[in-house]
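Data from input-v6.cif: mmCIF, C-alpha atoms
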```cif
data_data
loop_
_atom_site.label_atom_id
_atom_site.label_comp_id
_atom_site.auth_asym_id
_atom_site.auth_seq_id
_atom_site.Cartn_x
_atom_site.Cartn_y
_atom_site.Cartn_z
CA MET A 1 0.00 0.00 0.00
CA SER A 2 2.01 2.93 -1.28
CA ASP A 3 -0.29 5.53 0.30
CA GLN A 4 0.92 4.37 3.70
CA LEU A 5 4.41 5.62 3.07
CA ASN A 6 3.83 9.29 3.76
CA ASP A 7 3.27 11.09 7.05
CA THR A 8 -0.31 12.07 6.20
CA ALA A 9 -1.18 8.39 5.85
CA ILE A 10 0.39 7.56 9.21
CA GLU A 11 -1.52 10.44 10.78
CA GLN A 12 -4.76 9.01 9.36
CA GLN A 13 -3.83 5.63 10.81
CA LEU A 14 -3.20 7.18 14.23
CA ASP A 15 -6.56 8.99 14.00
CA PHE A 16 -8.25 5.64 13.38
CA LEU A 17 -6.36 4.02 16.28
CA ARG A 18 -7.46 6.84 18.59
CA GLU A 19 -11.06 6.59 17.39
CA ILE A 20 -11.38 2.86 18.06
CA ASP A 21 -10.46 3.45 21.72
CA ILE A 22 -14.21 4.08 22.08
CA LEU A 23 -14.89 0.34 21.61
CA LYS A 24 -13.64 -0.06 25.20
CA SER A 25 -16.77 1.82 26.31
CA VAL A 26 -19.30 -0.25 24.33
CA ILE A 27 -20.81 -2.52 26.97
CA ARG A 28 -22.13 -5.98 26.11
CA LYS A 29 -24.76 -8.08 27.89
CA SER A 30 -22.29 -10.82 28.88
CA PRO A 31 -20.72 -10.74 32.34
CA LEU A 32 -17.06 -11.28 33.13
CA ILE A 33 -16.62 -14.74 34.61
CA ASP A 34 -16.01 -13.25 38.09
CA GLN A 35 -19.30 -11.33 37.63
CA SER A 36 -17.69 -8.06 38.74
CA ARG A 37 -19.12 -6.24 35.72
CA ARG A 38 -20.28 -6.68 32.11
CA GLU A 39 -17.77 -7.18 29.33
CA ASN A 40 -16.89 -4.43 26.84
CA SER A 41 -16.53 -5.05 23.11
CA ALA A 42 -12.77 -4.31 22.97
CA GLU A 43 -11.76 -6.87 25.60
CA HIS A 44 -14.33 -9.27 24.09
CA SER A 45 -12.55 -8.91 20.73
CA TRP A 46 -9.22 -9.72 22.40
CA HIS A 47 -10.73 -12.76 24.07
CA LEU A 48 -12.16 -14.01 20.77
CA ALA A 49 -8.82 -13.60 19.00
CA MET A 50 -7.36 -15.75 21.79
CA TYR A 51 -10.16 -18.30 21.30
CA ALA A 52 -9.14 -18.52 17.64
CA LEU A 53 -5.43 -18.83 18.44
CA ILE A 54 -6.07 -21.60 20.97
CA LEU A 55 -8.87 -23.54 19.23
CA LYS A 56 -7.57 -23.24 15.66
CA ASP A 57 -7.37 -27.02 15.15
CA CYS A 58 -11.05 -27.47 15.97
CA SER A 59 -12.46 -25.98 12.78
CA ASP A 60 -14.30 -28.57 10.66
CA LYS A 61 -13.24 -26.88 7.45
CA GLU A 62 -9.86 -25.66 6.28
CA ILE A 63 -9.19 -22.16 7.54
CA ASN A 64 -6.46 -19.53 7.53
CA ILE A 65 -6.11 -18.84 11.24
CA ASP A 66 -4.31 -15.52 10.70
CA ARG A 67 -7.29 -14.24 8.73
CA VAL A 68 -9.70 -15.52 11.40
CA ILE A 69 -7.76 -13.67 14.13
CA LYS A 70 -7.71 -10.40 12.16
CA MET A 71 -11.40 -10.73 11.36
CA LEU A 72 -12.24 -11.14 15.06
CA LEU A 73 -10.09 -8.14 15.98
CA ILE A 74 -12.15 -5.86 13.74
CA HIS A 75 -15.57 -7.57 13.81
CA ASP A 76 -17.16 -5.33 16.47
CA ILE A 77 -15.65 -1.96 15.51
CA VAL A 78 -18.91 -0.89 13.85
CA GLU A 79 -20.53 -1.02 17.32
CA ILE A 80 -18.81 2.29 18.09
CA ASP A 81 -21.61 3.90 16.07
CA ALA A 82 -24.22 1.14 15.82
CA GLY A 83 -24.15 -0.33 19.37
CA ASP A 84 -24.16 -3.95 20.53
CA HIS A 85 -27.23 -6.07 19.79
CA PRO A 86 -27.59 -9.17 22.00
CA ILE A 87 -28.94 -12.28 20.27
CA HIS A 88 -31.79 -12.76 22.72
CA GLU A 89 -33.32 -9.38 22.00
CA THR A 90 -35.57 -8.91 19.01
CA SER A 91 -34.69 -5.91 16.89
CA ASP A 92 -35.18 -4.41 13.46
CA ASN A 93 -32.54 -6.27 11.45
CA THR A 94 -32.70 -4.08 8.36
CA ALA A 95 -32.25 -0.88 10.35
CA GLN A 96 -29.42 -2.51 12.26
CA GLU A 97 -27.66 -3.63 9.07
CA GLU A 98 -27.95 -0.13 7.64
CA ALA A 99 -26.55 1.42 10.80
CA GLU A 100 -23.60 -0.98 10.75
CA GLN A 101 -22.91 -0.36 7.07
CA LYS A 102 -22.89 3.37 7.73
CA ALA A 103 -20.60 2.87 10.73
CA ALA A 104 -18.18 0.83 8.62
CA GLU A 105 -18.08 3.60 6.01
CA ARG A 106 -17.33 6.27 8.57
CA ILE A 107 -14.86 4.44 10.82
CA PHE A 108 -12.83 2.50 8.23
CA GLY A 109 -13.08 5.67 6.14
CA LEU A 110 -10.70 7.37 8.59
CA LEU A 111 -7.89 5.20 7.20
CA PRO A 112 -5.91 5.71 3.99
CA THR A 113 -8.30 4.70 1.18
CA SER A 114 -6.95 1.32 0.12
CA GLN A 115 -6.44 0.12 3.69
CA GLY A 116 -9.91 1.31 4.70
CA GLU A 117 -11.53 -0.48 1.76
CA GLU A 118 -9.63 -3.66 2.55
CA LEU A 119 -10.79 -3.70 6.17
CA LYS A 120 -14.36 -2.84 5.22
CA ALA A 121 -14.46 -5.79 2.82
CA PHE A 122 -12.97 -7.96 5.54
CA TRP A 123 -15.63 -6.88 8.05
CA TYR A 124 -18.32 -7.56 5.43
CA GLU A 125 -16.93 -11.05 4.82
CA PHE A 126 -17.38 -11.74 8.55
CA GLU A 127 -20.81 -10.17 8.70
CA THR A 128 -22.17 -12.22 5.82
CA ALA A 129 -20.29 -15.42 6.78
CA GLU A 130 -19.04 -15.64 3.23
CA SER A 131 -16.03 -17.92 3.80
CA ASN A 132 -14.80 -20.80 5.99
CA ASP A 133 -12.76 -18.24 7.92
CA ALA A 134 -15.86 -16.16 8.64
CA VAL A 135 -17.95 -19.21 9.60
CA PHE A 136 -15.32 -20.29 12.14
CA ALA A 137 -14.96 -16.73 13.44
CA LYS A 138 -18.73 -16.51 13.93
CA SER A 139 -18.82 -19.84 15.75
CA LEU A 140 -16.25 -18.53 18.27
CA ASP A 141 -18.21 -15.29 18.67
CA ARG A 142 -21.17 -17.45 19.73
CA LEU A 143 -19.11 -19.86 21.84
CA GLN A 144 -17.47 -17.35 24.16
CA PRO A 145 -20.68 -15.88 25.67
CA LEU A 146 -22.03 -19.42 26.09
CA ILE A 147 -18.92 -20.32 28.12
CA HIS A 148 -19.44 -17.17 30.23
CA ASN A 149 -23.13 -17.88 30.77
CA VAL A 150 -22.47 -21.45 31.89
CA ALA A 151 -19.63 -20.27 34.17
CA THR A 152 -21.89 -17.68 35.84
CA GLU A 153 -24.93 -19.82 36.63
CA GLY A 154 -26.79 -18.76 33.53
CA GLY A 155 -25.65 -15.15 33.20
CA THR A 156 -27.77 -13.40 30.60
CA TRP A 157 -29.99 -16.48 30.07
CA GLY A 158 -31.55 -16.07 33.50
CA GLU A 159 -32.24 -12.38 32.88
CA GLY A 160 -34.01 -13.07 29.59
CA ASN A 161 -35.80 -16.31 30.62
CA VAL A 162 -33.99 -18.13 27.84
CA SER A 163 -34.91 -21.83 27.68
CA HIS A 164 -32.68 -24.86 27.04
CA GLU A 165 -34.36 -25.26 23.66
CA GLN A 166 -33.64 -21.63 22.71
CA VAL A 167 -29.99 -21.99 23.73
CA LYS A 168 -29.61 -25.11 21.60
CA GLN A 169 -31.18 -23.34 18.66
CA ARG A 170 -29.52 -19.91 18.91
CA TYR A 171 -26.04 -21.12 19.80
CA GLY A 172 -25.97 -24.64 18.36
CA SER A 173 -26.56 -23.76 14.72
CA VAL A 174 -23.78 -21.15 14.61
CA ILE A 175 -21.24 -23.00 16.76
CA SER A 176 -21.70 -26.33 14.97
CA ALA A 177 -21.38 -24.66 11.56
CA GLY A 178 -17.77 -23.92 12.55
CA SER A 179 -17.00 -26.91 14.75
CA LYS A 180 -19.29 -29.88 15.39
CA ARG A 181 -16.62 -31.13 17.76
CA ILE A 182 -16.81 -28.08 20.01
CA TRP A 183 -20.60 -27.99 19.92
CA SER A 184 -20.83 -31.65 20.89
CA LEU A 185 -18.56 -30.94 23.85
CA VAL A 186 -20.18 -27.73 25.06
CA GLN A 187 -23.75 -28.88 24.69
CA LYS A 188 -23.01 -31.26 27.55
CA LEU A 189 -22.12 -28.20 29.68
CA VAL A 190 -25.38 -26.59 28.59
CA SER A 191 -27.46 -29.66 29.49
CA GLN A 192 -25.80 -29.88 32.91
CA HIS A 193 -26.60 -26.20 33.45
CA PHE A 194 -30.30 -26.58 32.65
CA GLN A 195 -30.58 -29.73 34.79
CA ARG A 196 -29.47 -27.71 37.82
CA MET B 197 -0.59 -30.83 17.43
CA SER B 198 -2.07 -34.27 17.80
CA ASP B 199 -2.80 -33.82 21.51
CA GLN B 200 -5.44 -31.29 20.57
CA LEU B 201 -7.59 -33.87 18.94
CA ASN B 202 -9.19 -35.36 22.02
CA ASP B 203 -11.87 -33.93 24.32
CA THR B 204 -9.51 -33.66 27.30
CA ALA B 205 -7.27 -31.36 25.28
CA ILE B 206 -10.22 -29.15 24.29
CA GLU B 207 -11.30 -29.02 27.93
CA GLN B 208 -7.79 -27.86 28.89
CA GLN B 209 -8.01 -25.20 26.20
CA LEU B 210 -11.38 -24.01 27.52
CA ASP B 211 -9.93 -23.91 31.06
CA PHE B 212 -7.14 -21.67 29.78
CA LEU B 213 -9.63 -19.44 27.93
CA ARG B 214 -11.70 -19.09 31.12
CA GLU B 215 -8.59 -18.33 33.20
CA ILE B 216 -7.38 -15.50 30.95
CA ASP B 217 -10.71 -13.69 31.47
CA ILE B 218 -8.94 -12.32 34.57
CA LEU B 219 -6.71 -10.13 32.35
CA LYS B 220 -9.78 -7.90 31.94
CA SER B 221 -9.41 -7.02 35.64
CA VAL B 222 -5.70 -6.14 35.54
CA ILE B 223 -5.70 -2.33 35.55
CA ARG B 224 -2.94 -0.33 33.87
CA LYS B 225 -1.76 3.21 34.60
CA SER B 226 -2.82 4.56 31.20
CA PRO B 227 -6.18 6.28 30.85
CA LEU B 228 -8.73 5.69 28.11
CA ILE B 229 -8.65 8.63 25.71
CA ASP B 230 -12.01 9.89 27.04
CA GLN B 231 -10.47 9.74 30.55
CA SER B 232 -13.52 7.90 31.92
CA ARG B 233 -11.29 5.29 33.57
CA ARG B 234 -7.92 3.52 33.33
CA GLU B 235 -7.32 0.89 30.69
CA ASN B 236 -7.21 -2.84 31.49
CA SER B 237 -4.62 -5.20 30.05
CA ALA B 238 -7.06 -7.24 27.94
CA GLU B 239 -8.47 -4.28 26.00
CA HIS B 240 -4.93 -2.86 25.81
CA SER B 241 -3.82 -6.12 24.13
CA TRP B 242 -6.66 -5.80 21.61
CA HIS B 243 -5.68 -2.22 20.89
CA LEU B 244 -2.05 -3.20 20.35
CA ALA B 245 -3.01 -6.00 17.97
CA MET B 246 -4.96 -3.35 16.03
CA TYR B 247 -1.91 -1.04 16.10
CA ALA B 248 0.09 -3.86 14.50
CA LEU B 249 -2.57 -4.60 11.89
CA ILE B 250 -2.82 -0.92 10.92
CA LEU B 251 0.84 0.16 11.15
CA LYS B 252 2.41 -3.01 9.73
CA ASP B 253 4.13 -1.19 6.88
CA CYS B 254 5.98 1.14 9.28
CA SER B 255 8.45 -1.41 10.63
CA ASP B 256 12.05 -0.59 9.69
CA LYS B 257 12.95 -4.28 9.47
CA GLU B 258 11.25 -7.15 7.75
CA ILE B 259 8.56 -8.65 9.96
CA ASN B 260 5.89 -11.32 9.88
CA ILE B 261 2.82 -9.30 10.87
CA ASP B 262 0.79 -12.39 11.82
CA ARG B 263 3.44 -13.34 14.38
CA VAL B 264 3.54 -9.75 15.70
CA ILE B 265 -0.24 -9.76 16.20
CA LYS B 266 -0.23 -13.09 18.03
CA MET B 267 2.70 -11.97 20.19
CA LEU B 268 0.80 -8.83 21.22
CA LEU B 269 -2.33 -10.85 22.01
CA ILE B 270 -0.44 -12.95 24.57
CA HIS B 271 2.25 -10.52 25.76
CA ASP B 272 0.48 -9.38 28.95
CA ILE B 273 -1.12 -12.67 30.05
CA VAL B 274 1.58 -13.16 32.72
CA GLU B 275 0.20 -10.04 34.43
CA ILE B 276 -2.70 -12.18 35.70
CA ASP B 277 -0.26 -13.42 38.36
CA ALA B 278 2.59 -10.90 38.17
CA GLY B 279 0.70 -7.59 37.84
CA ASP B 280 1.34 -4.60 35.56
CA HIS B 281 4.54 -2.62 36.09
CA PRO B 282 4.47 0.91 34.63
CA ILE B 283 7.73 2.10 33.03
CA HIS B 284 7.94 5.25 35.16
CA GLU B 285 8.00 3.34 38.45
CA THR B 286 11.23 1.88 39.76
CA SER B 287 10.96 -1.74 40.78
CA ASP B 288 13.05 -4.83 41.47
CA ASN B 289 13.59 -6.15 37.94
CA THR B 290 14.94 -9.57 38.94
CA ALA B 291 12.02 -10.29 41.26
CA GLN B 292 9.64 -9.10 38.53
CA GLU B 293 11.24 -11.35 35.91
CA GLU B 294 11.01 -14.33 38.24
CA ALA B 295 7.35 -13.63 38.98
CA GLU B 296 6.58 -13.40 35.27
CA GLN B 297 8.45 -16.59 34.48
CA LYS B 298 6.50 -18.40 37.18
CA ALA B 299 3.25 -16.93 35.85
CA ALA B 300 4.07 -18.12 32.34
CA GLU B 301 4.71 -21.64 33.67
CA ARG B 302 1.41 -21.75 35.51
CA ILE B 303 -0.90 -20.09 33.00
CA PHE B 304 0.44 -21.52 29.72
CA GLY B 305 0.78 -24.78 31.67
CA LEU B 306 -3.02 -25.04 31.69
CA LEU B 307 -2.90 -25.82 27.97
CA PRO B 308 -2.06 -29.15 26.30
CA THR B 309 1.71 -29.54 26.68
CA SER B 310 2.99 -28.78 23.18
CA GLN B 311 0.69 -25.79 22.73
CA GLY B 312 1.60 -24.42 26.16
CA GLU B 313 5.33 -24.73 25.45
CA GLU B 314 4.90 -23.03 22.09
CA LEU B 315 3.11 -20.04 23.60
CA LYS B 316 5.58 -19.78 26.47
CA ALA B 317 8.48 -19.64 24.00
CA PHE B 318 6.57 -17.05 22.01
CA TRP B 319 6.00 -14.90 25.11
CA TYR B 320 9.71 -15.23 25.98
CA GLU B 321 10.68 -14.10 22.48
CA PHE B 322 8.65 -10.93 23.05
CA GLU B 323 9.98 -10.40 26.56
CA THR B 324 13.61 -10.63 25.49
CA ALA B 325 13.09 -8.77 22.17
CA GLU B 326 14.90 -11.61 20.41
CA SER B 327 13.58 -11.05 16.88
CA ASN B 328 12.49 -8.31 14.48
CA ASP B 329 8.90 -9.31 15.22
CA ALA B 330 9.43 -8.82 18.97
CA VAL B 331 11.25 -5.49 18.48
CA PHE B 332 8.34 -4.13 16.42
CA ALA B 333 5.79 -5.51 18.91
CA LYS B 334 7.63 -3.80 21.77
CA SER B 335 7.75 -0.52 19.89
CA LEU B 336 3.95 -0.56 19.53
CA ASP B 337 3.55 -1.45 23.22
CA ARG B 338 5.47 1.76 23.98
CA LEU B 339 3.73 3.84 21.29
CA GLN B 340 0.13 3.28 22.39
CA PRO B 341 0.44 4.73 25.93
CA LEU B 342 2.37 7.68 24.49
CA ILE B 343 -0.54 8.40 22.14
CA HIS B 344 -2.95 8.18 25.09
CA ASN B 345 -0.82 10.45 27.26
CA VAL B 346 -0.56 13.09 24.55
CA ALA B 347 -4.32 12.83 23.87
CA THR B 348 -5.15 13.35 27.57
CA GLU B 349 -3.02 16.40 28.35
CA GLY B 350 -0.16 14.36 29.74
CA GLY B 351 -2.07 11.49 31.39
CA THR B 352 0.33 9.48 33.55
CA TRP B 353 3.24 11.85 32.82
CA GLY B 354 1.66 14.61 34.88
CA GLU B 355 1.02 12.26 37.79
CA GLY B 356 4.63 11.08 37.87
CA ASN B 357 6.29 14.44 37.09
CA VAL B 358 7.85 12.88 34.01
CA SER B 359 10.00 15.36 32.04
CA HIS B 360 10.31 15.85 28.28
CA GLU B 361 13.82 14.41 28.47
CA GLN B 362 12.58 11.29 30.29
CA VAL B 363 9.82 10.75 27.73
CA LYS B 364 12.30 11.01 24.86
CA GLN B 365 14.58 8.53 26.59
CA ARG B 366 12.05 5.98 27.86
CA TYR B 367 9.81 5.95 24.79
CA GLY B 368 12.17 7.05 22.03
CA SER B 369 14.68 4.23 22.34
CA VAL B 370 12.06 1.48 22.19
CA ILE B 371 9.78 3.07 19.57
CA SER B 372 12.62 4.01 17.23
CA ALA B 373 14.12 0.51 17.48
CA GLY B 374 10.97 -0.70 15.69
CA SER B 375 10.17 2.31 13.52
CA LYS B 376 12.30 5.45 13.17
CA ARG B 377 9.55 6.77 10.96
CA ILE B 378 6.88 6.59 13.63
CA TRP B 379 9.18 7.99 16.31
CA SER B 380 10.11 10.94 14.13
CA LEU B 381 6.42 11.68 13.65
CA VAL B 382 5.26 11.22 17.24
CA GLN B 383 8.14 13.07 18.84
CA LYS B 384 6.69 16.18 17.24
CA LEU B 385 3.46 15.48 19.17
CA VAL B 386 5.51 15.05 22.34
CA SER B 387 7.37 18.34 21.82
CA GLN B 388 4.09 20.19 21.21
CA HIS B 389 2.73 18.68 24.43
CA PHE B 390 5.67 19.83 26.55
CA GLN B 391 5.61 23.29 25.00
CA ARG B 392 2.05 23.75 26.25
#
```
Written as structure tokens, how would this file's structure read?
Amino acid sequence: MSDQLNDTAIEQQLDFLREIDILKSVIRKSPLIDQSRRENSAEHSWHLAMYALILKDCSDKEINIDRVIKMLLIHDIVEIDAGDHPIHETSDNTAQEEAEQKAAERIFGLLPTSQGEELKAFWYEFETAESNDAVFAKSLDRLQPLIHNVATEGGTWGEGNVSHEQVKQRYGSVISAGSKRIWSLVQKLVSQHFQR
Amino acid sequence: MSDQLNDTAIEQQLDFLREIDILKSVIRKSPLIDQSRRENSAEHSWHLAMYALILKDCSDKEINIDRVIKMLLIHDIVEIDAGDHPIHETSDNTAQEEAEQKAAERIFGLLPTSQGEELKAFWYEFETAESNDAVFAKSLDRLQPLIHNVATEGGTWGEGNVSHEQVKQRYGSVISAGSKRIWSLVQKLVSQHFQR
């Protein structure tokens, strides 16, 4: 990317890096495991990148783990403008998609043009689950809150009166699309939780 | 890694992923840019991985950006046991190094053996700045708090009575070892700050 070689380009990159600091103040539904507070989207993105790094051999399909990690690092940046939308809350999907598209334009638009376009396309690949990499990334994005909910006696499930059947449906389809192996293992945790 | 292919290995991996949730509660000196609170080490690690992704073309030496990103994702995990140690505070370096080594043994030791050893070696490569990848990673780890301090009217520098000369010394050597280009650009920001 030749437009990165001048100072103006680096200044644009630093502007972007300052802007995304705001993701640390976007609060998700999921609790930390010690239940001291809810998780924010920046630390959640770090945790997911670690999930990818650690569980890379669990994908059912061939993936490029470096792409999966990068995708997870950027996947929630649009929430700076568009907010976080928990899976157990009904919402207007079309309006939400439009808000996220607009957010991607603005935020990735802070970068030098070619780099911004590249990251926007990358975010869109995740959003639309267009590749094996995106499918695995999405399965981890669904796995991590499940792990937190089980570890905190139900976490957000209790708040929303979410049933065992709904958990199997809402988490199972996405997690097993990336890794049947992981889903088969964690659905035992889920069953134990709902038996308690 | 063949030991990842059984359920016990995946359970060890999930144990590790639950354990590192604690990094979200390790609080650093640096403020968020909006000054609402101090940054934690998990969101800091996400931010640094983003710094690497965005500024990858600024390294003076040849690097493997995927290794740099992974190194930054894991570089602070030892702080779960050993705590964060700000650069402007004097401390017993030998005791600190021992505590971090012990932390690495325990935390990466939660993983299946070969994976744990691999990550421990990777962390050590960062810690000892043994490669171009580690030198660039360390320069970003020094750059990000500088950007936050400048953006917040001095941030931790004001608290610790840190002088312009000390900033040039403590940040300049590490940042310019990875990217003379970036240091030349940001030292202008630093000078402007101290002129105010």
(message) Can you translate the PyMOL selection byres ((chain A) within 8 of (chain B)) into the concrete residues it hits in this file, as JSON, numbers by chain?
(response) {"A": [4, 5, 7, 10, 13, 17, 18, 21, 22, 24, 32, 33, 34, 42, 43, 44, 45, 46, 47, 49, 50, 51, 53, 54, 55, 57, 58, 66, 70, 73, 74, 147, 182, 185]}
(message) Under the PyMOL selection byres ((chain A and resi 193) around 10), which residues of this model are included? Write them out as a PyMOL selection string.
(response) chain A and resi 149-151+153-154+164+187-192+194-196
(message) Evaluate the PyMOL selection byres ((chain B and resi 295) around 12) against this structure - the residues, as a list of chain:residue names, please.
(response) B:Val274, B:Glu275, B:Ile276, B:Asp277, B:Ala278, B:Gly279, B:Asp280, B:His281, B:Asp288, B:Asn289, B:Thr290, B:Ala291, B:Gln292, B:Glu293, B:Glu294, B:Glu296, B:Gln297, B:Lys298, B:Ala299, B:Ala300, B:Glu301, B:Arg302
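Nearest to Arg338 (chain B) of all the residues B:His271, B:Arg366, B:Lys257, B:Lys376 is B:Arg366, based on all atoms listed in the file.
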(request) Dig up all the protein and nucleic acid residues within 10 Å of (-15.2, -17.9, 8.5) in the file frame, using all atoms listed in the file, and format them as a PyMOL selection string. (result) chain A and resi 59+61-65+67-68+71-72+125-140+177-178
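Picture a line from CA of Ser359 (chain B) to CA of Leu342 (chain B); it runs 13.2 Å.
Taking only C-alpha atoms into account, the polymer residues that have an atom no farther than 12 Å from (-34.2, -8.2, 23.5) are Lys29, Asp84, His85, Pro86, Ile87, His88, Glu89, Thr90, Ser91, Asp92, Thr156, Trp157, Glu159, Gly160, Asn161 and Val162 of chain A.
Computed from the coordinates, the CA of Gly305 (chain B) to CA of Arg38 (chain A) distance equals 27.8 Å.
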(message) One number please: CA of Val363 (chain B) to CA of Gln231 (chain B), in Å, one decimal.
(response) 20.5 Å
Assuming the input is short of atoms at region 133-149 of chain A, produce N, CA, C and O atoms for that part as a tab-separated table (two decimals), keeping the file's coordinate frame.
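Below you can see out.tsv, which holds the result:
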```tsv
chain	number	residue	atom	x	y	z
A	133	ASP	N	-13.36	-19.06	6.86
A	133	ASP	CA	-12.76	-18.24	7.92
A	133	ASP	C	-13.84	-17.50	8.71
A	133	ASP	O	-13.82	-17.47	9.94
A	134	ALA	N	-14.80	-16.93	7.98
A	134	ALA	CA	-15.86	-16.16	8.64
A	134	ALA	C	-16.79	-17.08	9.43
A	134	ALA	O	-17.24	-16.73	10.53
A	135	VAL	N	-17.07	-18.26	8.90
A	135	VAL	CA	-17.95	-19.21	9.60
A	135	VAL	C	-17.32	-19.64	10.92
A	135	VAL	O	-17.98	-19.70	11.97
A	136	PHE	N	-16.00	-19.90	10.90
A	136	PHE	CA	-15.32	-20.29	12.14
A	136	PHE	C	-15.27	-19.12	13.12
A	136	PHE	O	-15.51	-19.27	14.32
A	137	ALA	N	-14.99	-17.93	12.59
A	137	ALA	CA	-14.96	-16.73	13.44
A	137	ALA	C	-16.31	-16.53	14.13
A	137	ALA	O	-16.39	-16.26	15.33
A	138	LYS	N	-17.39	-16.69	13.36
A	138	LYS	CA	-18.73	-16.51	13.93
A	138	LYS	C	-19.04	-17.57	14.98
A	138	LYS	O	-19.73	-17.31	15.97
A	139	SER	N	-18.53	-18.78	14.77
A	139	SER	CA	-18.82	-19.84	15.75
A	139	SER	C	-18.13	-19.52	17.08
A	139	SER	O	-18.69	-19.78	18.15
A	140	LEU	N	-16.94	-18.91	17.03
A	140	LEU	CA	-16.25	-18.53	18.27
A	140	LEU	C	-16.94	-17.36	18.96
A	140	LEU	O	-17.04	-17.30	20.18
A	141	ASP	N	-17.47	-16.46	18.15
A	141	ASP	CA	-18.21	-15.29	18.67
A	141	ASP	C	-19.47	-15.74	19.42
A	141	ASP	O	-19.96	-15.06	20.31
A	142	ARG	N	-20.00	-16.91	19.05
A	142	ARG	CA	-21.17	-17.45	19.73
A	142	ARG	C	-20.75	-18.33	20.92
A	142	ARG	O	-21.46	-18.42	21.93
A	143	LEU	N	-19.59	-18.96	20.78
A	143	LEU	CA	-19.11	-19.86	21.84
A	143	LEU	C	-18.73	-19.13	23.12
A	143	LEU	O	-19.07	-19.56	24.23
A	144	GLN	N	-18.02	-18.01	22.97
A	144	GLN	CA	-17.47	-17.35	24.16
A	144	GLN	C	-18.56	-16.90	25.15
A	144	GLN	O	-18.47	-17.19	26.34
A	145	PRO	N	-19.64	-16.23	24.69
A	145	PRO	CA	-20.68	-15.88	25.67
A	145	PRO	C	-21.36	-17.10	26.28
A	145	PRO	O	-21.79	-17.06	27.44
A	146	LEU	N	-21.46	-18.19	25.53
A	146	LEU	CA	-22.03	-19.42	26.09
A	146	LEU	C	-21.17	-19.90	27.26
A	146	LEU	O	-21.67	-20.22	28.34
A	147	ILE	N	-19.85	-19.90	27.05
A	147	ILE	CA	-18.92	-20.32	28.12
A	147	ILE	C	-19.11	-19.41	29.35
A	147	ILE	O	-19.15	-19.89	30.48
A	148	HIS	N	-19.26	-18.09	29.11
A	148	HIS	CA	-19.44	-17.17	30.23
A	148	HIS	C	-20.78	-17.38	30.93
A	148	HIS	O	-20.87	-17.29	32.15
A	149	ASN	N	-21.82	-17.66	30.15
A	149	ASN	CA	-23.13	-17.88	30.77
A	149	ASN	C	-23.13	-19.15	31.63
A	149	ASN	O	-23.65	-19.15	32.74
```
